[in-house]
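I have placed the structure first, in the form of structure tokens, so that the comments after it can refer back to it.
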Amino acid sequence: MIETNKYILNVIKNLKTIVFLNKDDASLVLSDNEQYFSGFSLFDKKARSLPSDEGKIQNFYAEQSLNWDDWVINKILAIFEGITYKMENYTISFPDEIKLILTTDKDEGHAAYCLQDAIILSQEKANYPSRDLESLYF
């Protein structure tokens with residue numbers, strides 16, 4: 001099993017830790033969100049090509065997680081370091097830990113999104129050049 005990568009950041013005020021979850025840990029986060037799944041309308045399910053049964057939806061989301069490549073982790077850490085100056089004038093309360101999850105692109109139609117204290121990034125977006133990827137974070 002690939003270990004979860006945890007980075008302590010001192011670059012962004014009030015942001016302590018970024019955790020790049022491995023496939024197994026990310027699967028647990030993605031599937032443990034009954035409130036999110038129960039809010040899906042029939043249209044939401046059809047638009048996402050999801051099964052109608054909520055349990056199957058949870059399984060589908062759990063199956064979308066991937067392990068991070070080191071080069072992508074390094075690129076994202078550099079982006080966080082690079083946006084520090086943009087964040088200096090803001091007082092933002094961050095959770096003690098922000099989780100980053102990599103997915104197959106099938107969960108939300110290639111979209112990057114947030115779920116509780118996690119940022120979910122599709123494989124397609126993770127492969128963007130750094131300058132394009134930065135706009136997702138700031």
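Ordered as shown in the structure tokens, chains take letters A, B, and onward, while each chain numbers its residues from 1 and ligands are numbered from 1 in the order shown.
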Check the DSSP output for the backbone and give back, as a VMD selection string, the residues of range 59-107 of chain A in alpha helix (DSSP H). chain A and resid 59 to 62 70 to 82 84 to 87
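Neighbouring residues of range 55-63 of chain A at 9 Å or closer, counting only C-alpha atoms and skipping chain neighbours under 5 positions away, are A:Lys23, A:Asp24, A:Ala26, A:Ser27, A:Leu28, A:Val29, A:Leu30, A:Ser31, A:Asp32, A:Asn33, A:Glu34, A:Phe37, A:Lys45, A:Leu50, A:Thr103, A:Thr104, A:Lys106, A:Asp107.
All residues in chain A with a DSSP state of strand (DSSP E or B), computed from the backbone, read Asn5, Lys6, Tyr7, Ile8, Thr17, Ile18, Val19, Phe20, Ser65, Leu66, Glu97, Ile98, Lys99, Leu100, Ile101, Leu102, Thr103, Tyr113, Cys114, Leu115, Ala118, Ile119, Ile120, Leu121 and Ser122 of chain A.
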Write the residues of the preceding selection, restricted to N, CA and C atoms, as a compact mmCIF listing (two decimals), in the first residue's frame.
# COMPACT_ATOMS: atom_id res chain seq x y z
N ASN A 5 0.74 10.83 1.78
CA ASN A 5 1.80 11.82 1.86
C ASN A 5 1.28 13.04 2.61
N LYS A 6 1.96 13.40 3.68
CA LYS A 6 1.54 14.54 4.50
C LYS A 6 2.65 15.59 4.47
N TYR A 7 2.26 16.81 4.20
CA TYR A 7 3.22 17.91 4.14
C TYR A 7 2.80 19.00 5.10
N ILE A 8 3.74 19.45 5.89
CA ILE A 8 3.50 20.55 6.80
C ILE A 8 3.91 21.82 6.05
N THR A 17 -1.44 21.93 7.33
CA THR A 17 -1.06 20.65 6.74
C THR A 17 -1.88 20.36 5.48
N ILE A 18 -1.18 19.87 4.48
CA ILE A 18 -1.84 19.35 3.28
C ILE A 18 -1.52 17.87 3.22
N VAL A 19 -2.56 17.07 3.02
CA VAL A 19 -2.39 15.62 2.96
C VAL A 19 -2.86 15.13 1.59
N PHE A 20 -1.96 14.50 0.86
CA PHE A 20 -2.31 13.88 -0.41
C PHE A 20 -2.72 12.44 -0.09
N SER A 65 -11.10 6.89 -6.87
CA SER A 65 -9.87 7.45 -6.32
C SER A 65 -8.63 6.80 -6.94
N LEU A 66 -7.56 7.58 -6.99
CA LEU A 66 -6.28 7.14 -7.55
C LEU A 66 -5.15 7.51 -6.59
N GLU A 97 -6.18 20.50 8.67
CA GLU A 97 -5.62 19.65 7.62
C GLU A 97 -6.51 19.75 6.39
N ILE A 98 -5.91 19.97 5.24
CA ILE A 98 -6.66 19.92 3.99
C ILE A 98 -6.23 18.67 3.25
N LYS A 99 -7.22 17.87 2.88
CA LYS A 99 -6.95 16.63 2.16
C LYS A 99 -7.05 16.91 0.66
N LEU A 100 -6.14 16.32 -0.10
CA LEU A 100 -6.21 16.39 -1.56
C LEU A 100 -6.43 14.97 -2.08
N ILE A 101 -7.40 14.84 -2.97
CA ILE A 101 -7.79 13.54 -3.52
C ILE A 101 -7.70 13.60 -5.03
N LEU A 102 -7.10 12.59 -5.62
CA LEU A 102 -7.00 12.47 -7.07
C LEU A 102 -8.02 11.44 -7.54
N THR A 103 -8.79 11.79 -8.60
CA THR A 103 -9.81 10.86 -9.10
C THR A 103 -9.65 10.60 -10.60
N TYR A 113 -13.51 19.90 -7.33
CA TYR A 113 -14.53 20.32 -6.38
C TYR A 113 -14.05 20.09 -4.95
N CYS A 114 -14.79 20.63 -4.01
CA CYS A 114 -14.48 20.47 -2.59
C CYS A 114 -15.56 19.62 -1.95
N LEU A 115 -15.14 18.85 -0.97
CA LEU A 115 -16.04 17.99 -0.22
C LEU A 115 -15.55 18.00 1.21
N ALA A 118 -11.77 18.45 2.00
CA ALA A 118 -10.97 17.87 0.93
C ALA A 118 -11.16 18.63 -0.38
N ILE A 119 -10.09 18.71 -1.13
CA ILE A 119 -10.13 19.23 -2.49
C ILE A 119 -9.97 18.02 -3.40
N ILE A 120 -10.92 17.82 -4.29
CA ILE A 120 -10.89 16.67 -5.20
C ILE A 120 -10.48 17.19 -6.57
N LEU A 121 -9.46 16.58 -7.10
CA LEU A 121 -8.88 17.00 -8.37
C LEU A 121 -8.90 15.81 -9.32
N SER A 122 -9.43 16.04 -10.51
CA SER A 122 -9.47 14.96 -11.49
C SER A 122 -8.08 14.74 -12.09
Contacts of Glu124 in chain A at 8 Å or less, counting only C-alpha atoms, minus same-chain residues fewer than 2 places along, as JSON, numbers by chain? {"A": [104, 105, 110, 122, 126, 127, 128]}
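Taking CA of Ile92 in chain A and CA of Trp71 in chain A as endpoints, the distance between them is 28.3 Å.
Taking CA of Asp70 in chain A and CA of Glu88 in chain A as the two end points, the separation is 27.8 Å.
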